[in-house]
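K.L.:
Have a look at this one.
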Amino acid sequence: MKLISCNSNRPLADNIAAYLDIRLTNAEVKTFKDREVFVKVNENVRGQDVYVIQSTSAPANDHLMELLITIDALVRASARRITAVIPYYGYSRQDRKTDGRTPISAKLVANLISTAGADRVVTVDLHAAQIQGFFDKPTDNLFAQPEMAEDILKKYGSKDLMIISPDVGGVVRARALAKRLEVDLAIVDKRREKAGESEVMNIIGDVEGRKCILIDDMTDSGGTLINAADALLKKGAKEVAAYVTHGVLSNGASANIDKSQLKELVITDTIQASESVTKARKIRTISLAPLIGEAIRRIANDESISKMFD
């Protein structure tokens with residue numbers, strides 16, 4: 001087995017390698033002065049089972065090209081099997097036509113990864129489940145719920161706990177976590193006027209006196225979580241925290257979270273934290289390196305992935 005890290009999240013790749021007790025393969029992934037990507041693998045990978053670790057986070061286009069060119073380099077180096085490990089799958093929000101003359105970019109990216117030569121894809125908490133079907137290759141969509149559930153019980157306990165979906169679209173994800181924790185579920189009914197802005201309309205469920213945990217797959221501006229926290233507290237919630245898999249957190253989102261009524265925002269390390277995120281008082285990170293590392297180990301040994309989430 002070989003592990004190769006591109007440049008989007010080297011700390012996560014290092015932690016995955018440590019979990020598997022192997023070292024990262026020596027590879028150069030760099031850019032020329034005109035921003036063209038150059039890749040060179042400095043070890044023999046002929047006949048090897050190779051895993052390329054790369055989130056397609058900001059700058060999304062650069063990191064996507066690094067992934068594609070690394071896969072191409074491995075194909076030309078005669079690797080036996082190439083698995084693209086994409087903890088955060090960029091362009092996932094464009095998973096359907098939302099209006100006339102708009103793209104389905106999540107499908108386009110899936111086609112690019114397959115055409116480059118990936119034999120398998122591993123990702124975490126896709127924005128929409130149907131994206132898994134965009135690939136014609138075996139695709140494993142891992143879930144951060146086990147790690148989140150463990151952290152929630154350790155930090156908040158189960159007494160008076162309630163899991164909250166910040167919108168109707170996230171009900172399935174929130175219900176699964178509520179079932180795992182054996183606690184109640186409530187839903188925030190909101191209306192989104194335009195991208196990046198949301199308006200909370202109603203709370204479906206009795207949250208009075210409850211410790212509320214908002215669950216989502218990603219947060220960008222943080223507006224949805226902040227508005228939901230305000231609405232929950234107005235309805236009598238004791239406190240509100242949020243657990244989100246992918247902390248995109250662009251355009252001053254970290255400062256907005258710090259100024260909000262959220263007790264804390266817990267994210268994972270699928271996206272490497274920026275300086276503003278690491279300095280934020282209310283943002284905490286938990287690692288998914290053991291989860292991803294275990295998935296890689298099971299794939300290499302032809303073991304079940306689904307049993308990880310039973």
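Chain identifiers are assigned as A, B, and so on, following the order in which chains appear in the structure tokens; residues are numbered from 1 within each chain, and ligands are numbered from 1 in order of appearance.
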Could I get the residues of stretch 120-153 of chain A with an atom no further than 12 Å from an atom of stretch 94-103 of chain A, each paired with its nearest atom pair and that distance in Å to one decimal, using only C-alpha atoms, sorted by chain and residue number, as a Markdown table?
P.N.:
| residue | atom | partner | partner_atom | distance |
| --- | --- | --- | --- | --- |
| A:Leu126 | CA | A:Asp95 | CA | 10.2 |
| A:His127 | CA | A:Asp95 | CA | 8.3 |
| A:Ala128 | CA | A:Asp95 | CA | 7.1 |
| A:Ala129 | CA | A:Asp95 | CA | 9.6 |
| A:Gln130 | CA | A:Asp95 | CA | 8.0 |
| A:Ile131 | CA | A:Asp95 | CA | 6.8 |
| A:Gln132 | CA | A:Asp95 | CA | 10.6 |
| A:Gly133 | CA | A:Asp95 | CA | 11.0 |
| A:Phe134 | CA | A:Asp95 | CA | 9.3 |
K.L.:
Hey, can you spit out that residue selection with N, CA, C and O atoms as a PDB file, in the first residue's frame?
P.N.:
ATOM      1  N   LEU A 126     -21.084  13.358   1.949  1.00  0.00           N
ATOM      2  CA  LEU A 126     -21.437  14.094   0.744  1.00  0.00           C
ATOM      3  C   LEU A 126     -22.628  15.014   1.016  1.00  0.00           C
ATOM      4  O   LEU A 126     -23.529  14.675   1.792  1.00  0.00           O
ATOM      5  N   HIS A 127     -22.649  16.155   0.364  1.00  0.00           N
ATOM      6  CA  HIS A 127     -23.729  17.118   0.561  1.00  0.00           C
ATOM      7  C   HIS A 127     -25.085  16.524   0.178  1.00  0.00           C
ATOM      8  O   HIS A 127     -26.100  16.825   0.810  1.00  0.00           O
ATOM      9  N   ALA A 128     -25.085  15.682  -0.837  1.00  0.00           N
ATOM     10  CA  ALA A 128     -26.309  14.998  -1.256  1.00  0.00           C
ATOM     11  C   ALA A 128     -25.962  13.552  -1.572  1.00  0.00           C
ATOM     12  O   ALA A 128     -24.970  13.286  -2.263  1.00  0.00           O
ATOM     13  N   ALA A 129     -26.773  12.618  -1.087  1.00  0.00           N
ATOM     14  CA  ALA A 129     -26.466  11.194  -1.233  1.00  0.00           C
ATOM     15  C   ALA A 129     -26.373  10.765  -2.690  1.00  0.00           C
ATOM     16  O   ALA A 129     -25.614   9.845  -3.027  1.00  0.00           O
ATOM     17  N   GLN A 130     -27.133  11.435  -3.576  1.00  0.00           N
ATOM     18  CA  GLN A 130     -27.142  10.992  -4.976  1.00  0.00           C
ATOM     19  C   GLN A 130     -25.808  11.203  -5.676  1.00  0.00           C
ATOM     20  O   GLN A 130     -25.560  10.601  -6.718  1.00  0.00           O
ATOM     21  N   ILE A 131     -24.924  12.040  -5.115  1.00  0.00           N
ATOM     22  CA  ILE A 131     -23.618  12.258  -5.736  1.00  0.00           C
ATOM     23  C   ILE A 131     -22.840  10.950  -5.817  1.00  0.00           C
ATOM     24  O   ILE A 131     -22.046  10.741  -6.735  1.00  0.00           O
ATOM     25  N   GLN A 132     -23.069  10.052  -4.866  1.00  0.00           N
ATOM     26  CA  GLN A 132     -22.408   8.747  -4.896  1.00  0.00           C
ATOM     27  C   GLN A 132     -22.712   8.018  -6.204  1.00  0.00           C
ATOM     28  O   GLN A 132     -21.868   7.291  -6.727  1.00  0.00           O
ATOM     29  N   GLY A 133     -23.903   8.234  -6.736  1.00  0.00           N
ATOM     30  CA  GLY A 133     -24.290   7.605  -7.992  1.00  0.00           C
ATOM     31  C   GLY A 133     -23.739   8.295  -9.222  1.00  0.00           C
ATOM     32  O   GLY A 133     -23.893   7.781 -10.336  1.00  0.00           O
ATOM     33  N   PHE A 134     -23.101   9.465  -9.053  1.00  0.00           N
ATOM     34  CA  PHE A 134     -22.511  10.154 -10.192  1.00  0.00           C
ATOM     35  C   PHE A 134     -21.259   9.435 -10.689  1.00  0.00           C
ATOM     36  O   PHE A 134     -20.829   9.656 -11.815  1.00  0.00           O
TER      37      PHE A 134
END
K.L.:
Could you pull the residues within 7 Å of A:Thr25, counting only C-alpha atoms, minus those fewer than 4 positions along the same chain, as a list of chain:residue names?
P.N.:
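Once the adjacent positions are removed, what remains is A:Lys2, A:Leu3, A:Ile4, A:Glu43.
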K.L.:
Name all residues at most 10 Å from stretch 184-188 of chain A (count only C-alpha atoms; drop same-chain ones fewer than 3 positions away) and give them as a ChimeraX atom specification.
P.N.:
/A:160-171,174-179,181,191,200-207,210,212-214,224,227-229,231-232
K.L.:
Quick one: pick out all helix (DSSP H, G or I) residues within stretch 93-292 of chain A from a backbone DSSP run and write them as a PyMOL selection string.
P.N.:
chain A and resi 105-116+129-134+145-156+168-181+223-234+253-259+275-279+289-292
K.L.:
From the list A:Val183, A:Met1, A:Val109, A:Ile305, which residue is nearest A:Lys159 when using only C-alpha atoms?
P.N.:
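Closest residue, counting only C-alpha atoms: A:Val183.
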